[in-house]
Amino acid sequence: MIAAALLMLTPGVTARAMTTIDFLSSLTEQEIHDYQEWRDARQAHNARLDAYWNKVDAKRSVRKKKRSSKSPFDADDYVMSFPPEYTGPKLTGTLATKYAKFTASQESAQPTPPKEMPTVADYLASAKRVYNFVPERVTEKEFKRRYAEEAIALGLSKDQVVRVYALETGGIGTYDMQAGIHPVKKTGRAISSALGYAQLLDANSVNEISKHGAMFADRLYAKLRNPNLSPARVASLKSKIAVLRKMTANAKSIPFDWERHQAYAKTAAGQGMHALNIDGDIGPMMQAMKLKGIKDTAAQFDRPNLSGAEMELMNLSGPVTGLEMMMPLGRKAPVTNSFTRRAYYVNKMVIGLTGEQLLAELDRRMDSAVKTPGSQEFAAAFDIVLNERTAGR
């Protein structure tokens, strides 16, 4: 009778699973009592968590409507507490060991195949198959120099760009770095589609090509005016211009909507666009333009001057959401107000912080990462470009 009742308390477990029967049969009367008490406490806690996050979502919807109508926010538009923490009984000793073996057996009995995240190799393969495009590789030093040229031309500062690079890559990132994979050791497993110094997502690439693809092509076309180019360089630029125009037409063929771009980025045609981040000519333009978009959004909200940490906050959470966290109320509010439930728990850096504390944490991490060789090389690239511009006046 007790075993049958406990079966109902175990979500996702059916009577057909022998491992469940084995688990329940292995418990003493005291362990059965402790297990049921723990399950009841966990269920009550999960209900409180659900209520908390439902309230956060409702407040976020209110702020979105107010933002659209240009109405000011007030303190009631935020949840000013952090998610409730579990304070109930815990499984200890032999019971914890038995339950761990039980859950492991359940997972092995009905394994869920891991969802494979596309990697750089997949993006390159799609680019070749769909567009007959192979990114041109350059050295890290040369990529940084070209990135600095693009960033300065777009009005971005050395401090902004280098500190974003330092935070996003730990100051050791390569231009083909993918989130989750160590850029030097090449160990680890891809955890997102984020690529490069500014860690653009696959949907960011589709978005940037839709908005600026034609301009990128024009920039490459302007380089053809250089009479000192070799025939091979001319052919390379012309090929890239043709590829960009095809990609731009594809990107513009779908509605300019973030969710639609996310979906398109998972197709072979969208994956091929993501490979542009690795190209020595196009990659620096795309990555710098993404940060320029953040700067432009901030300027629209009367914040023309962003620190590196403020730019990264907008890069991390989304431009408008990041701006909200910089406002007086957002600075004091828990960052749960600005992240989805899943994103909050996945990004360990933000847990338990207010907007103000997250900005301070970003600065702290940047202060450390800008001292690395990769960050120092990037900063030097900016100095070289700035000196060349000064000398050329």
# chains A, B, ... in the order shown; residues from 1 in each chain; ligands from 1

call {"tool": "closest_atom_pairs", "arguments": {"of": "stretch 170-215 of chain A", "to": "stretch 124-141 of chain A", "cutoff": "10 Å", "atoms": "only C-alpha atoms", "output": "tab-separated table"}}
result
residue	atom	partner	partner_atom	distance
A:Gly173	CA	A:Glu140	CA	9.5
A:Thr174	CA	A:Glu140	CA	6.7
A:Tyr175	CA	A:Glu140	CA	6.9
A:Asp176	CA	A:Arg137	CA	9.6

call {"tool": "residues_around", "arguments": {"residues": "A:Glu356", "least_positions_apart": "2", "cutoff": "7 Å", "atoms": "only C-alpha atoms", "output": "PDB file with C-alpha atoms, in the first residue's frame"}}
result
ATOM      1  CA  ARG A 331      19.917  48.636 -10.545  1.00  0.00           C
ATOM      2  CA  LYS A 332      18.261  47.811  -7.222  1.00  0.00           C
ATOM      3  CA  THR A 354      20.881  42.875  -8.456  1.00  0.00           C
ATOM      4  CA  LEU A 358      25.937  42.390 -11.870  1.00  0.00           C
ATOM      5  CA  LEU A 359      27.521  45.496 -13.382  1.00  0.00           C
ATOM      6  CA  ALA A 360      30.132  45.441 -10.614  1.00  0.00           C
TER       7      ALA A 360
END

call {"tool": "closest_residue", "arguments": {"among": "A:Gln262, A:Ile351, A:Asp77, A:Leu306", "to": "A:Ser61", "atoms": "only C-alpha atoms"}}
result
A:Asp77

call {"tool": "residues_around", "arguments": {"residues": "A:Asp74", "least_positions_apart": "6", "cutoff": "12 Å", "atoms": "only C-alpha atoms", "output": "PyMOL selection string"}}
result
chain A and resi 59+62-63+66-67+80+324+327-330+333
